[in-house]
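Step one of this worksheet: look at the structure below.
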Number of protein chains: 2
Amino acid sequence: MNAGQGGLGPPIRTTQIHRGVIVNLRSSDYRRPDGTVVTREVMDHPGAVVIVPVEDDHVLLVRQPREAVEEFTLELPAGKLDAPGEDPLDCARRELAEEVGRAAATWRDMGGFYTAPAILTEFIHCFMATDLSEVTGVAADEDEAIEIVEWPLRRLGDAIDSVRDAKTLIGLLRLERELRAGA
Amino acid sequence: MNAGQGGLGPPIRTTQIHRGVIVNLRSSDYRRPDGTVVTREVMDHPGAVVIVPVEDDHVLLVRQPREAVEEFTLELPAGKLDAPGEDPLDCARRELAEEVGRAAATWRDMGGFYTAPAILTEFIHCFMATDLSEVTGVAADEDEAIEIVEWPLRRLGDAIDSVRDAKTLIGLLRLERELRAGA
């Protein structure tokens with residue numbers, strides 16, 4: 001028994017519905033291995049990264065306005081790939097600099113996941129970043145209103161109990177798991 | 001310091017872009033506390049549940065085709081609310097019966113999270129379901145092609161290392177955490 005994912009073929013017919021700022025929406029028909037044809041509305045996304053930056057005795061989080069859910073949310077630094085083919089690590093380096101003003105000498109791949117595999121193609125690559133140093137002069141994206149939060153590792157459980165963003169929960173749960181394994 | 005989420009107001013202007021099968025897509029303008037007006041493309045979703053069903057020495061997973069990402073994925077049972085106002089626990093009972101043919105005598109709220117707060121309103125409520133019994137005669141949704149997988153708890157770490165669905169990772173990481181706390 002394993003969790004391995006069998007492949008499914010690409011769509012046999014696609015109609016574009018909307019070309020958006022972040023996602024494109026399409027309706028596609030797929031033929032399943034048993035021959036059945038199903039229609040799915042799919043949002044195309046280039047993919048993204050989420051970073052777990054650990055510095056001294058804290059993890060760096062960002063608090064930012066998320067208009068879609070009408071809340072300021074506490075999240076790990078993250079961002080989307082410039083294009084589907086971009087090296088996720090290049091993207092992670094850029095986002096770490098833009099969002100929290102840091103460079104990392106050590107990077108480690110913590111695995112990845114689909115955000116919402118029923119409707120969205122987005123795959124998020126998760127990296128731990130350590131041996132951090134400050135960088136300056138990096139221009140953040142237009143209209144980003146980000147507050148950096150240095151969250152103490154000794155209170156990591158409190159963050160896990162209260163953050164409400166899926167990718168951040170995964171990153172912090174994985175971090176807690178690794179800290180425990182290393183303790 | 002806390003992870004608390006400050007509120008942001010509702011949109012001041014909205015244009016519907018597409019009314020879809022699962023999500024509606026709109027473009028909305030929001031006024032931030034500092035007066036700035038930003039435009040966001042937002043996908044409206046009624047919300048969803050994910051269930052961690054523990055039975056004897058295993059957790060019940062489902063393997064199913066996810067056309068959007070062109071894979072069969074291994075996931076916890078889940079499903080969307082019939083409407084934004086539906087009681088999430090009612091939804092969880094229904095999905096547990098439909099997807100894995102079980103009823104649960106004990107339910108516990110494990111918290112919830114936004115799937116992708118930058119673009120999607122979906123909030124997923126996570127429940128642990130225990131004291132399970134089999135139910136019969138429940139009709140699964142049309143075109144669901146679901147295989148039930150009884151995953152041994154002693155190999156929970158293997159599932160955490162290999163599943164690629166965000167809500168499933170969160171549910172399994174939380175389960176591992178609780179099993180450890182109870183051990």
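We label chains A, B, ... in the order they appear in the structure tokens, count residues from 1 in each chain, and number ligands from 1 in the order shown.
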task: Could you please write out, as an MDAnalysis selection string, every residue of chain A that DSSP assigns to strand (DSSP E or B)?
output: chainID A and resid 7 13:19 24:31 37:44 48:55 58:66 71:75 78:80 102:114 120 123:134 147:152 165
- request: Could you please tell me, as a ChimeraX atom specification, which residues of chain B have an atom within 6 Å of chain A when using only C-alpha atoms?
  value: /B:3,5-9,42,66,68-73,113-115,117-119,121,162,164-166,170
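You will find atom CA of A:Thr130 at 29.1 Å from atom CA of B:Leu179.
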query: Hey, can you check how far atom CA of B:Gly101 sits from atom CA of B:Lys80?
result: 17.3 Å
